[in-house]
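Chemist: Quick one: structure below, then a few questions.
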Amino acid sequence: MNTRNRLTFVFIILAAAALWQLGLAGWIHTKAHTAQILLDRAWQQTLINQEQNKPWPWADTWPVAELIVPSLDISQIVLAGDSGATLAFGPGHSFASVMPDKRGTVMISGHRDTHFRFLQNLKAGQRLILKTKSGIHYYVVNRTQIVDSQSYTIETNNDELVLVTCYPFNSVIVGGAERYLVYAQRERIKAVNS
């Protein structure tokens, strides 16, 4: 094989690899968007029957809340658990924190390149709404923090919502050593109107 043919072969291989990676990235975003439609259906059913409703028969998670950011026109269904499999479909509630409808610290995680990309745009003073089966909970963002992923702890006695994602936002490295945290203090509780 001459030099020109080798270069052509290498170019074809690199182009195919690049197209494969673009396809994978597109699949992740498509899956995340489509899942939100199915999750919304399961969430609406949960509000009606007050039970755990799986979004698809083989799901190992179910909706536990709806996170709303009115100022950014964002509404996302929050799932039970924050494993990697769960976070592929939407933000996940950490079982290490209190349930979203209880007093204490509620922690919700999400991927920085899909559902929680918007965290970088949240500012102090912005309102967050967390709808649960039992009511609507209002929070106000009071601070953000960048921490080491291996050594941070969350104070569980505070009546707050903590949103967590990987950091930095535009990194090509999966995971990473840092986390971006948004803290929001609970403002008030209002009962859901049936």
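Lettering and numbering for the structure tokens are positional, with chains as A, B, ... in the shown order, residues counted from 1 in each chain, and ligands counted from 1 in the shown order.
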From region 26-65 of chain A, collect each residue whose DSSP state is alpha helix (DSSP H) and return the set as a list of chain:residue names.
Modeler: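 Taking region 26-65 of chain A and keeping alpha helix (DSSP H) only, one gets A:Gly26, A:Trp27, A:Ile28, A:His29, A:Thr30, A:Lys31, A:Ala32, A:His33, A:Thr34, A:Ala35, A:Gln36, A:Ile37, A:Leu38, A:Leu39, A:Asp40, A:Arg41, A:Ala42, A:Trp43, A:Gln44, A:Gln45, A:Thr46, A:Leu47, A:Ile48, A:Asn49.
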Chemist: When you look at Ser71 (chain A) with a cut-off of 10 Å (counting only C-alpha atoms), what residues show up, excluding the ones that are within fewer than 5 positions of it in the same chain? I need them as a list in words.
Modeler: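 Once the adjacent positions are removed, what remains is Leu122, Gln126, Arg127 and Leu128 of chain A.
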Chemist: Tell me, as a list in words, which residues lie within 9 Å of Asn142 (chain A), counting only C-alpha atoms; anything in the same chain fewer than 2 positions away does not count.
Modeler: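 Within the cut-off, the hits are Lys123, Ala124, Gly125, Gln126, Val140, Thr144, Val182, Tyr183, Ala184 and Gln185 of chain A.
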Chemist: Tell me, counting only C-alpha atoms, for each residue of region 112-160 of chain A within 8 Å of region 166-176 of chain A, which pair of atoms is nearest and how far apart they are in Å to one decimal, in rows ordered by chain and increasing number, as a tab-separated table.
Modeler:
```
residue	atom	partner	partner_atom	distance
A:Arg112	CA	A:Phe169	CA	5.8
A:Asp113	CA	A:Phe169	CA	7.1
A:Arg117	CA	A:Phe169	CA	7.1
A:Gln120	CA	A:Phe169	CA	7.5
A:Ile146	CA	A:Tyr167	CA	7.6
A:Ser149	CA	A:Gly176	CA	7.8
```
Chemist: What does the distance between CA of Tyr139 (chain A) and CA of Phe118 (chain A) come to in Å, to one decimal place?
Modeler: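 Value for the CA of Tyr139 (chain A)-CA of Phe118 (chain A) distance: 16.4 Å.
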Chemist: To test your reading of the structure, identify every residue in region 16-141 of chain A that backbone DSSP assigns to strand (DSSP E), and report it as a ChimeraX atom specification.
Modeler: /A:63-69,74-80,92-93,105-109,127-131,136-141
Chemist: Write a file of the just-selected residues containing N, CA and C atoms, as a compact mmCIF listing (two decimals), in the first residue's frame.
Modeler:
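After the write, out_15.txt holds the following:
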```
# COMPACT_ATOMS: atom_id res chain seq x y z
N PRO A 63 -41.15 7.78 38.79
CA PRO A 63 -41.15 9.19 39.12
C PRO A 63 -41.49 9.44 40.60
N VAL A 64 -40.75 10.37 41.23
CA VAL A 64 -41.02 10.73 42.61
C VAL A 64 -41.34 12.22 42.76
N ALA A 65 -41.05 13.01 41.74
CA ALA A 65 -41.30 14.45 41.82
C ALA A 65 -41.17 15.07 40.44
N GLU A 66 -41.54 16.33 40.38
CA GLU A 66 -41.33 17.12 39.17
C GLU A 66 -40.57 18.38 39.59
N LEU A 67 -39.44 18.63 38.95
CA LEU A 67 -38.62 19.81 39.23
C LEU A 67 -38.93 20.87 38.19
N ILE A 68 -39.30 22.06 38.66
CA ILE A 68 -39.68 23.14 37.75
C ILE A 68 -38.82 24.36 38.05
N VAL A 69 -38.28 24.97 36.99
CA VAL A 69 -37.54 26.22 37.11
C VAL A 69 -38.28 27.22 36.22
N ILE A 74 -38.17 25.37 32.51
CA ILE A 74 -37.71 23.99 32.63
C ILE A 74 -38.66 23.21 33.53
N SER A 75 -39.01 22.02 33.08
CA SER A 75 -39.82 21.09 33.87
C SER A 75 -39.29 19.69 33.59
N GLN A 76 -38.85 19.01 34.65
CA GLN A 76 -38.29 17.68 34.49
C GLN A 76 -38.83 16.73 35.55
N ILE A 77 -39.07 15.51 35.13
CA ILE A 77 -39.52 14.47 36.05
C ILE A 77 -38.30 13.93 36.78
N VAL A 78 -38.40 13.83 38.10
CA VAL A 78 -37.31 13.31 38.94
C VAL A 78 -37.61 11.86 39.27
N LEU A 79 -36.62 11.01 39.07
CA LEU A 79 -36.77 9.57 39.28
C LEU A 79 -36.26 9.12 40.64
N ALA A 80 -36.70 7.95 41.07
CA ALA A 80 -36.23 7.34 42.31
C ALA A 80 -34.84 6.76 42.08
N GLY A 92 -32.21 12.19 39.13
CA GLY A 92 -32.56 11.17 40.10
C GLY A 92 -32.43 11.65 41.53
N HIS A 93 -33.37 11.25 42.36
CA HIS A 93 -33.36 11.57 43.78
C HIS A 93 -32.43 10.60 44.50
N THR A 105 -32.95 17.73 53.96
CA THR A 105 -32.21 17.99 52.73
C THR A 105 -32.59 16.98 51.66
N VAL A 106 -33.08 17.48 50.54
CA VAL A 106 -33.42 16.67 49.38
C VAL A 106 -32.29 16.85 48.37
N MET A 107 -31.68 15.76 47.92
CA MET A 107 -30.60 15.84 46.94
C MET A 107 -31.03 15.17 45.64
N ILE A 108 -30.86 15.90 44.54
CA ILE A 108 -31.20 15.39 43.22
C ILE A 108 -29.99 15.57 42.32
N SER A 109 -29.63 14.50 41.61
CA SER A 109 -28.48 14.52 40.71
C SER A 109 -28.93 14.42 39.27
N ARG A 127 -36.28 31.02 41.79
CA ARG A 127 -37.19 30.09 42.45
C ARG A 127 -37.18 28.75 41.74
N LEU A 128 -37.21 27.69 42.55
CA LEU A 128 -37.35 26.32 42.08
C LEU A 128 -38.62 25.76 42.70
N ILE A 129 -39.33 24.93 41.97
CA ILE A 129 -40.53 24.31 42.49
C ILE A 129 -40.34 22.80 42.40
N LEU A 130 -40.67 22.12 43.48
CA LEU A 130 -40.60 20.67 43.50
C LEU A 130 -42.01 20.15 43.81
N LYS A 131 -42.65 19.57 42.80
CA LYS A 131 -43.98 19.00 42.98
C LYS A 131 -43.81 17.55 43.40
N ILE A 136 -46.78 20.90 46.80
CA ILE A 136 -45.85 21.71 46.02
C ILE A 136 -44.91 22.39 47.01
N HIS A 137 -43.61 22.28 46.76
CA HIS A 137 -42.59 22.82 47.66
C HIS A 137 -41.80 23.87 46.90
N TYR A 138 -41.69 25.05 47.48
CA TYR A 138 -41.01 26.17 46.85
C TYR A 138 -39.63 26.36 47.48
N TYR A 139 -38.64 26.60 46.63
CA TYR A 139 -37.28 26.82 47.09
C TYR A 139 -36.72 28.06 46.39
N VAL A 140 -35.74 28.69 47.03
CA VAL A 140 -35.05 29.83 46.43
C VAL A 140 -33.56 29.52 46.45
N VAL A 141 -32.93 29.63 45.27
CA VAL A 141 -31.49 29.38 45.16
C VAL A 141 -30.76 30.40 46.01
```
Chemist: Rounded to one decimal place, report the CA of Asp40 (chain A)-CA of Asn121 (chain A) distance in Å.
Modeler: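 Going from CA of Asp40 (chain A) over to CA of Asn121 (chain A), I get 23.9 Å.
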Chemist: Hey, which of A:Ala35, A:Phe116, A:Leu181, A:Leu47 ends up closest to Arg143 (chain A)? Count only C-alpha atoms.
Modeler: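 The shortest atom-to-atom distance to Arg143 (chain A) comes from A:Leu181.
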Chemist: Name the residues in contact with Thr114 (chain A) at a cut-off of 10 Å, using only C-alpha atoms, excluding same-chain residues fewer than 2 positions from it; report them as a PyMOL selection string.
Modeler: chain A and resi 28-30+32-33+87-91+110-112+116-118
Chemist: To one decimal place in Å, what is the distance between CA of Asn49 (chain A) and CA of Glu160 (chain A)?
Modeler: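 For CA of Asn49 (chain A) relative to CA of Glu160 (chain A), the distance reads 27.3 Å.
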Chemist: Give the answer as one residue: which of A:Ala177, A:Ile48, A:Leu39, A:Leu161 has the shortest atom-to-atom distance to Pro100 (chain A), using only C-alpha atoms?
Modeler: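 Looking at the shortest contact to Pro100 (chain A), the residue is A:Leu161.
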